[in-house]
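Participant: PDB, C-alpha atoms, file data06.pdb:
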ATOM      1  CA  MET A 579     103.977  24.165-129.047
ATOM      2  CA  THR A 580     103.375  20.404-129.054
ATOM      3  CA  GLU A 581     102.815  18.442-132.269
ATOM      4  CA  SER A 582      99.231  17.699-131.111
ATOM      5  CA  LEU A 583      98.366  21.400-130.826
ATOM      6  CA  GLN A 584      99.960  22.094-134.210
ATOM      7  CA  LYS A 585      97.839  19.317-135.744
ATOM      8  CA  ILE A 586      94.712  20.924-134.295
ATOM      9  CA  ILE A 587      95.689  24.330-135.707
ATOM     10  CA  ARG A 588      96.203  22.754-139.152
ATOM     11  CA  TYR A 589      92.817  21.012-138.834
ATOM     12  CA  VAL A 590      91.091  24.298-137.913
ATOM     13  CA  GLY A 591      92.864  26.006-140.830
ATOM     14  CA  LYS A 592      91.524  23.390-143.229
ATOM     15  CA  HIS A 593      87.960  23.284-141.870
ATOM     16  CA  GLY A 594      87.469  26.983-141.062
ATOM     17  CA  ILE A 595      85.206  26.598-138.045
ATOM     18  CA  VAL A 596      85.396  23.724-135.542
ATOM     19  CA  ARG A 597      83.464  22.479-132.548
ATOM     20  CA  PRO A 598      84.863  20.434-129.628
ATOM     21  CA  ARG A 599      83.293  17.252-131.058
ATOM     22  CA  ASP A 600      85.300  17.750-134.295
ATOM     23  CA  ILE A 601      88.533  17.729-132.293
ATOM     24  CA  GLU A 602      87.441  14.625-130.365
ATOM     25  CA  SER A 603      86.600  12.882-133.645
ATOM     26  CA  ILE A 604      90.254  13.199-134.722
ATOM     27  CA  GLY A 605      91.496  11.826-131.395
ATOM     28  CA  PHE A 606      92.250  14.890-129.271
ATOM     29  CA  PRO A 607      90.615  15.990-126.002
ATOM     30  CA  ARG A 608      88.414  19.088-126.259
ATOM     31  CA  GLU A 609      90.510  20.794-123.551
ATOM     32  CA  TYR A 610      93.166  21.379-126.225
ATOM     33  CA  LEU A 611      90.882  24.007-127.754
ATOM     34  CA  VAL A 612      90.857  25.941-124.473
ATOM     35  CA  ARG A 613      94.672  25.745-124.312
ATOM     36  CA  LEU A 614      94.966  27.144-127.837
ATOM     37  CA  LEU A 615      92.401  29.840-127.009
ATOM     38  CA  ARG A 616      94.438  30.926-123.950
ATOM     39  CA  LYS A 617      97.622  31.044-126.047
ATOM     40  CA  GLY A 618      95.868  33.305-128.588
ATOM     41  CA  LYS A 619      96.159  30.665-131.330
ATOM     42  CA  LEU A 620      92.353  30.344-131.674
ATOM     43  CA  ASN A 621      89.370  32.672-131.409
ATOM     44  CA  ARG A 622      86.046  31.654-129.908
ATOM     45  CA  LEU A 623      83.199  32.928-132.099
ATOM     46  CA  GLY A 624      80.462  31.765-129.791
ATOM     47  CA  ARG A 625      79.668  28.966-127.417
ATOM     48  CA  GLY A 626      81.513  25.892-128.674
ATOM     49  CA  ILE A 627      82.731  27.394-131.963
ATOM     50  CA  TYR A 628      86.377  28.127-132.736
ATOM     51  CA  THR A 629      88.369  29.513-135.659
ATOM     52  CA  LEU A 630      91.871  30.806-136.351
ATOM     53  CA  PRO A 631      92.561  34.452-135.387
ATOM     54  CA  ASP A 632      93.476  35.321-138.995
ATOM     55  CA  ALA A 633      90.566  33.383-140.543
ATOM     56  CA  ASN A 634      89.080  34.918-143.665
ATOM     57  CA  VAL A 635      85.641  35.978-142.380
ATOM     58  CA  THR A 636      83.266  36.695-145.277
ATOM     59  CA  GLU A 637      79.839  38.325-145.440
ATOM     60  CA  ARG A 638      78.435  34.780-145.459
ATOM     61  CA  HIS A 639      80.119  33.880-142.182
ATOM     62  CA  SER A 640      76.782  33.533-140.344
ATOM     63  CA  TYR A 641      75.752  30.798-142.851
ATOM     64  CA  ALA A 642      78.940  28.839-142.081
ATOM     65  CA  GLU A 643      78.381  29.285-138.350
ATOM     66  CA  VAL A 644      74.774  28.071-138.576
ATOM     67  CA  ALA A 645      75.780  25.105-140.777
ATOM     68  CA  LYS A 646      78.366  24.103-138.175
ATOM     69  CA  ARG A 647      75.895  24.350-135.295
ATOM     70  CA  VAL A 648      72.802  23.010-137.115
ATOM     71  CA  PRO A 649      74.235  20.623-139.752
ATOM     72  CA  GLU A 650      70.788  19.168-140.528
ATOM     73  CA  GLY A 651      69.475  22.626-141.537
ATOM     74  CA  THR A 652      69.352  23.940-145.106
ATOM     75  CA  ILE A 653      69.718  27.640-145.942
ATOM     76  CA  CYS A 654      66.410  28.765-147.433
ATOM     77  CA  LEU A 655      64.098  31.658-148.355
ATOM     78  CA  LEU A 656      65.596  35.148-147.785
ATOM     79  CA  SER A 657      69.019  33.757-146.865
ATOM     80  CA  ALA A 658      69.075  31.541-149.993
ATOM     81  CA  LEU A 659      68.013  34.560-152.100
ATOM     82  CA  ALA A 660      70.953  36.523-150.647
ATOM     83  CA  PHE A 661      73.304  33.563-151.214
ATOM     84  CA  HIS A 662      72.266  33.327-154.892
ATOM     85  CA  GLU A 663      72.545  37.139-155.209
ATOM     86  CA  MET A 664      68.851  37.502-156.019
ATOM     87  CA  THR A 665      68.191  40.284-153.534
ATOM     88  CA  THR A 666      69.958  43.435-152.427
ATOM     89  CA  GLN A 667      68.653  42.973-148.882
ATOM     90  CA  SER A 668      70.719  41.192-146.291
ATOM     91  CA  PRO A 669      68.324  39.360-143.965
ATOM     92  CA  ALA A 670      68.681  40.148-140.252
ATOM     93  CA  SER A 671      68.284  36.434-139.421
ATOM     94  CA  VAL A 672      69.564  33.284-141.092
ATOM     95  CA  TRP A 673      66.613  31.359-142.566
ATOM     96  CA  ILE A 674      66.892  27.573-142.394
ATOM     97  CA  ALA A 675      64.615  24.662-143.177
ATOM     98  CA  LEU A 676      64.375  21.775-140.724
ATOM     99  CA  ARG A 677      62.287  18.630-140.885
ATOM    100  CA  LYS A 678      58.962  18.682-139.069
ATOM    101  CA  GLY A 679      59.466  17.470-135.507
ATOM    102  CA  ALA A 680      63.225  18.263-135.408
ATOM    103  CA  ARG A 681      64.485  19.890-132.229
ATOM    104  CA  THR A 682      64.568  23.686-132.388
ATOM    105  CA  PRO A 683      68.207  24.802-132.045
ATOM    106  CA  ALA A 684      68.962  27.075-129.089
ATOM    107  CA  LEU A 685      71.265  29.699-130.594
ATOM    108  CA  ALA A 686      71.727  33.147-129.103
ATOM    109  CA  SER A 687      73.617  34.297-132.174
ATOM    110  CA  PRO A 688      73.235  34.421-135.100
ATOM    111  CA  SER A 689      69.480  34.907-135.040
ATOM    112  CA  LEU A 690      67.543  32.103-136.781
ATOM    113  CA  ARG A 691      64.216  31.957-138.624
ATOM    114  CA  ILE A 692      63.065  28.362-139.047
ATOM    115  CA  VAL A 693      60.565  26.845-141.456
ATOM    116  CA  ARG A 694      59.472  23.215-141.166
ATOM    117  CA  LEU A 695      59.313  20.956-144.212
ATOM    118  CA  SER A 696      58.928  17.252-144.865
ATOM    119  CA  GLY A 697      59.393  14.722-147.647
ATOM    120  CA  PRO A 698      60.586  15.925-151.070
ATOM    121  CA  SER A 699      59.993  19.585-150.179
ATOM    122  CA  LEU A 700      62.658  19.170-147.450
ATOM    123  CA  THR A 701      65.139  17.044-149.403
ATOM    124  CA  GLY A 702      64.694  18.323-152.984
ATOM    125  CA  GLY A 703      66.878  20.989-154.551
ATOM    126  CA  ILE A 704      69.685  20.914-151.988
ATOM    127  CA  GLU A 705      73.077  22.132-153.218
ATOM    128  CA  ASN A 706      76.268  21.634-151.234
ATOM    129  CA  HIS A 707      78.604  24.621-151.002
ATOM    130  CA  LYS A 708      81.667  25.493-148.925
ATOM    131  CA  ILE A 709      81.788  28.744-146.992
ATOM    132  CA  GLU A 710      84.994  29.467-145.066
ATOM    133  CA  GLY A 711      85.846  25.760-145.329
ATOM    134  CA  VAL A 712      82.510  24.646-143.832
ATOM    135  CA  PRO A 713      80.079  22.480-145.855
ATOM    136  CA  VAL A 714      76.794  24.402-146.148
ATOM    137  CA  GLN A 715      73.512  23.133-147.609
ATOM    138  CA  VAL A 716      71.589  25.743-149.624
ATOM    139  CA  TYR A 717      68.444  25.276-151.699
ATOM    140  CA  SER A 718      68.908  25.793-155.441
ATOM    141  CA  VAL A 719      67.576  28.904-157.185
ATOM    142  CA  ALA A 720      64.489  27.115-158.591
ATOM    143  CA  LYS A 721      63.656  25.509-155.225
ATOM    144  CA  THR A 722      64.136  28.849-153.445
ATOM    145  CA  VAL A 723      61.702  30.576-155.828
ATOM    146  CA  ALA A 724      59.108  27.831-155.206
ATOM    147  CA  ASP A 725      59.680  28.109-151.445
ATOM    148  CA  CYS A 726      59.147  31.875-151.620
ATOM    149  CA  PHE A 727      55.654  31.240-153.023
ATOM    150  CA  LYS A 728      55.018  28.476-150.480
ATOM    151  CA  PHE A 729      55.936  30.809-147.601
ATOM    152  CA  ARG A 730      54.614  34.028-149.185
ATOM    153  CA  ASN A 731      52.619  34.753-146.005
ATOM    154  CA  LYS A 732      55.869  34.775-143.989
ATOM    155  CA  ILE A 733      58.096  36.750-146.371
ATOM    156  CA  GLY A 734      55.598  38.685-148.503
ATOM    157  CA  VAL A 735      54.181  37.941-151.943
ATOM    158  CA  ASP A 736      56.137  40.921-153.360
ATOM    159  CA  VAL A 737      59.419  39.188-152.373
ATOM    160  CA  ALA A 738      58.259  35.969-154.093
ATOM    161  CA  ILE A 739      57.324  37.822-157.304
ATOM    162  CA  GLU A 740      60.626  39.744-157.301
ATOM    163  CA  ALA A 741      62.547  36.459-156.828
ATOM    164  CA  LEU A 742      60.687  34.898-159.773
ATOM    165  CA  LYS A 743      61.337  37.957-161.987
ATOM    166  CA  ASP A 744      65.026  38.052-161.076
ATOM    167  CA  CYS A 745      65.371  34.316-161.658
ATOM    168  CA  LEU A 746      63.853  34.463-165.143
ATOM    169  CA  ARG A 747      65.530  37.742-166.152
ATOM    170  CA  GLY A 748      68.951  36.505-165.049
ATOM    171  CA  LYS A 749      68.342  33.004-166.515
ATOM    172  CA  LYS A 750      69.306  31.567-163.126
ATOM    173  CA  ALA A 751      66.885  28.643-163.514
ATOM    174  CA  SER A 752      64.679  27.374-166.323
ATOM    175  CA  VAL A 753      60.887  27.578-166.366
ATOM    176  CA  ASN A 754      60.801  23.753-166.222
ATOM    177  CA  GLU A 755      62.994  23.682-163.090
ATOM    178  CA  ILE A 756      60.788  26.241-161.367
ATOM    179  CA  TYR A 757      57.631  24.272-162.272
ATOM    180  CA  ARG A 758      59.256  21.052-161.041
ATOM    181  CA  TYR A 759      59.869  22.515-157.575
ATOM    182  CA  ALA A 760      56.537  24.352-157.606
ATOM    183  CA  LYS A 761      54.914  20.895-157.901
ATOM    184  CA  VAL A 762      57.110  19.518-155.094
ATOM    185  CA  CYS A 763      56.118  22.500-152.896
ATOM    186  CA  ARG A 764      52.454  22.241-154.019
ATOM    187  CA  VAL A 765      52.334  25.817-155.309
ATOM    188  CA  SER A 766      52.132  25.227-159.084
ATOM    189  CA  ASN A 767      48.602  26.699-159.282
ATOM    190  CA  ILE A 768      49.721  29.769-157.314
ATOM    191  CA  ILE A 769      52.904  30.364-159.340
ATOM    192  CA  ARG A 770      51.412  29.672-162.814
ATOM    193  CA  PRO A 771      49.624  33.039-163.327
ATOM    194  CA  TYR A 772      52.791  34.937-162.367
ATOM    195  CA  MET A 773      54.889  32.796-164.741
ATOM    196  CA  GLU A 774      52.417  33.408-167.566
ATOM    197  CA  ALA A 775      52.362  37.167-166.860
ATOM    198  CA  LEU A 776      56.171  37.291-167.081
TER
END
As a first step, turn the structure in this file into structure tokens.
Facilitator:
Amino acid sequence: MTESLQKIIRYVGKHGIVRPRDIESIGFPREYLVRLLRKGKLNRLGRGIYTLPDANVTERHSYAEVAKRVPEGTICLLSALAFHEMTTQSPASVWIALRKGARTPALASPSLRIVRLSGPSLTGGIENHKIEGVPVQVYSVAKTVADCFKFRNKIGVDVAIEALKDCLRGKKASVNEIYRYAKVCRVSNIIRPYMEAL
């Protein structure tokens, strides 16, 4: 195998999941990915997404895949609850937040649920994590709880209350942090009675 193909394999090993544009950005033609695929040195996970055959695929793989395909999206709501281990349910779709007016991604798989945000409610509370070598943006615990109340009509008020209870019981975020993001999400009046009851 040529040195160029070996360099690409090392790059894929380091970054977990790659797209043709990633390979072009390091100075190689995208056709090299097809060559490696034919030789069995890479797997194609979906349209335009490649990984090593022996890659460590975790239960959060779909988050890494979505982050690679929709880098401007942030994992939110039910998917963020699952990420922070605040729910026993594994959502059927990956929930992401995009800015209002952003193009809706055309993904066949994994299934996406999109919410639109703007200003501080879009940019506040973002944490950067790595899943399978891919940088993934996920809202913090406190921001996720506030979002659950903001989108209670989409996910159910019972899910929002359970998230708040779990957050406080497990000391995953402080009351002040939750109130801070409740203000950002304009749900402080909605969340206050539940906070006081708990």
Participant: Write out as a Markdown table the residues of region 751-770 of chain A that have any atom within 8 Å of an atom of region 697-702 of chain A, one row each with the nearest atom pair and its distance in Å to one decimal, counting all atoms listed in the file, sorted by chain and then rising number.
Facilitator:
| residue | atom | partner | partner_atom | distance |
| --- | --- | --- | --- | --- |
| A:Tyr759 | CA | A:Gly702 | CA | 7.9 |
| A:Val762 | CA | A:Ser699 | CA | 5.7 |
| A:Cys763 | CA | A:Ser699 | CA | 5.6 |
Participant: Mind dumping the selected residues with C-alpha atoms as a compact mmCIF listing (two decimals), in the coordinates of the input?
Facilitator:
# COMPACT_ATOMS: atom_id res chain seq x y z
CA TYR A 759 59.87 22.52 -157.57
CA VAL A 762 57.11 19.52 -155.09
CA CYS A 763 56.12 22.50 -152.90
Participant: Taking 5 positions as the minimum chain separation for residues in the same chain, which residues sit within 12 Å of Ile604 (chain A) when counting only C-alpha atoms? Answer as a PyMOL selection string.
Facilitator: chain A and resi 582+585-586+589-590+596-599
Participant: Write out as a ChimeraX atom specification which residues come within 12 Å of region 650-653 of chain A when counting all atoms listed in the file, dropping same-chain ones fewer than 6 positions away.
Facilitator: /A:638,640-644,659-662,669,671-678,680-683,690-695,699-707,713-719,721-722,725
Participant: Considering only C-alpha atoms, can you say which of A:Thr629, A:Ser696, A:Thr665, A:Gln584 comes closest to Val723 (chain A)?
Facilitator: A:Thr665
Participant: Can you list what the PyMOL selection byres ((chain A and resi 742) around 12) grabs from this structure, as an NGL selection string?
Facilitator: :A and (659 or 664-665 or 719-727 or 735-741 or 743-753 or 755-757 or 760 or 769-776)
Participant: Could you tell me which residues the PyMOL selection byres ((chain A and resi 587) around 12) returns for this structure, as JSON, numbers by chain?
Facilitator: {"A": [579, 580, 581, 582, 583, 584, 585, 586, 588, 589, 590, 591, 592, 593, 594, 595, 596, 601, 606, 610, 611, 613, 614, 615, 617, 618, 619, 620, 621, 628, 629, 630, 631, 632, 633]}
Participant: My structure is short of atoms at region 746-758 of chain A; please model N, CA and C atoms there, returning them as a compact mmCIF listing (two decimals), in the frame of the given file.
Facilitator:
# COMPACT_ATOMS: atom_id res chain seq x y z
N LEU A 746 64.10 34.60 -163.71
CA LEU A 746 63.85 34.46 -165.14
C LEU A 746 64.68 35.46 -165.95
N ARG A 747 64.75 36.70 -165.46
CA ARG A 747 65.53 37.74 -166.15
C ARG A 747 67.01 37.36 -166.24
N GLY A 748 67.53 36.86 -165.11
CA GLY A 748 68.95 36.51 -165.05
C GLY A 748 69.24 35.10 -165.55
N LYS A 749 68.20 34.40 -166.03
CA LYS A 749 68.34 33.00 -166.52
C LYS A 749 69.06 32.14 -165.48
N LYS A 750 68.66 32.31 -164.21
CA LYS A 750 69.31 31.57 -163.13
C LYS A 750 68.71 30.17 -162.97
N ALA A 751 67.52 29.97 -163.50
CA ALA A 751 66.89 28.64 -163.51
C ALA A 751 65.89 28.64 -164.67
N SER A 752 65.62 27.47 -165.19
CA SER A 752 64.68 27.37 -166.32
C SER A 752 63.24 27.33 -165.80
N VAL A 753 62.31 27.64 -166.70
CA VAL A 753 60.89 27.58 -166.37
C VAL A 753 60.53 26.16 -165.90
N ASN A 754 61.09 25.15 -166.58
CA ASN A 754 60.80 23.75 -166.22
C ASN A 754 61.28 23.42 -164.80
N GLU A 755 62.47 23.93 -164.45
CA GLU A 755 62.99 23.68 -163.09
C GLU A 755 62.09 24.32 -162.04
N ILE A 756 61.66 25.55 -162.32
CA ILE A 756 60.79 26.24 -161.37
C ILE A 756 59.48 25.48 -161.21
N TYR A 757 58.89 25.04 -162.35
CA TYR A 757 57.63 24.27 -162.27
C TYR A 757 57.82 22.96 -161.51
N ARG A 758 58.99 22.33 -161.73
CA ARG A 758 59.26 21.05 -161.04
C ARG A 758 59.20 21.24 -159.52
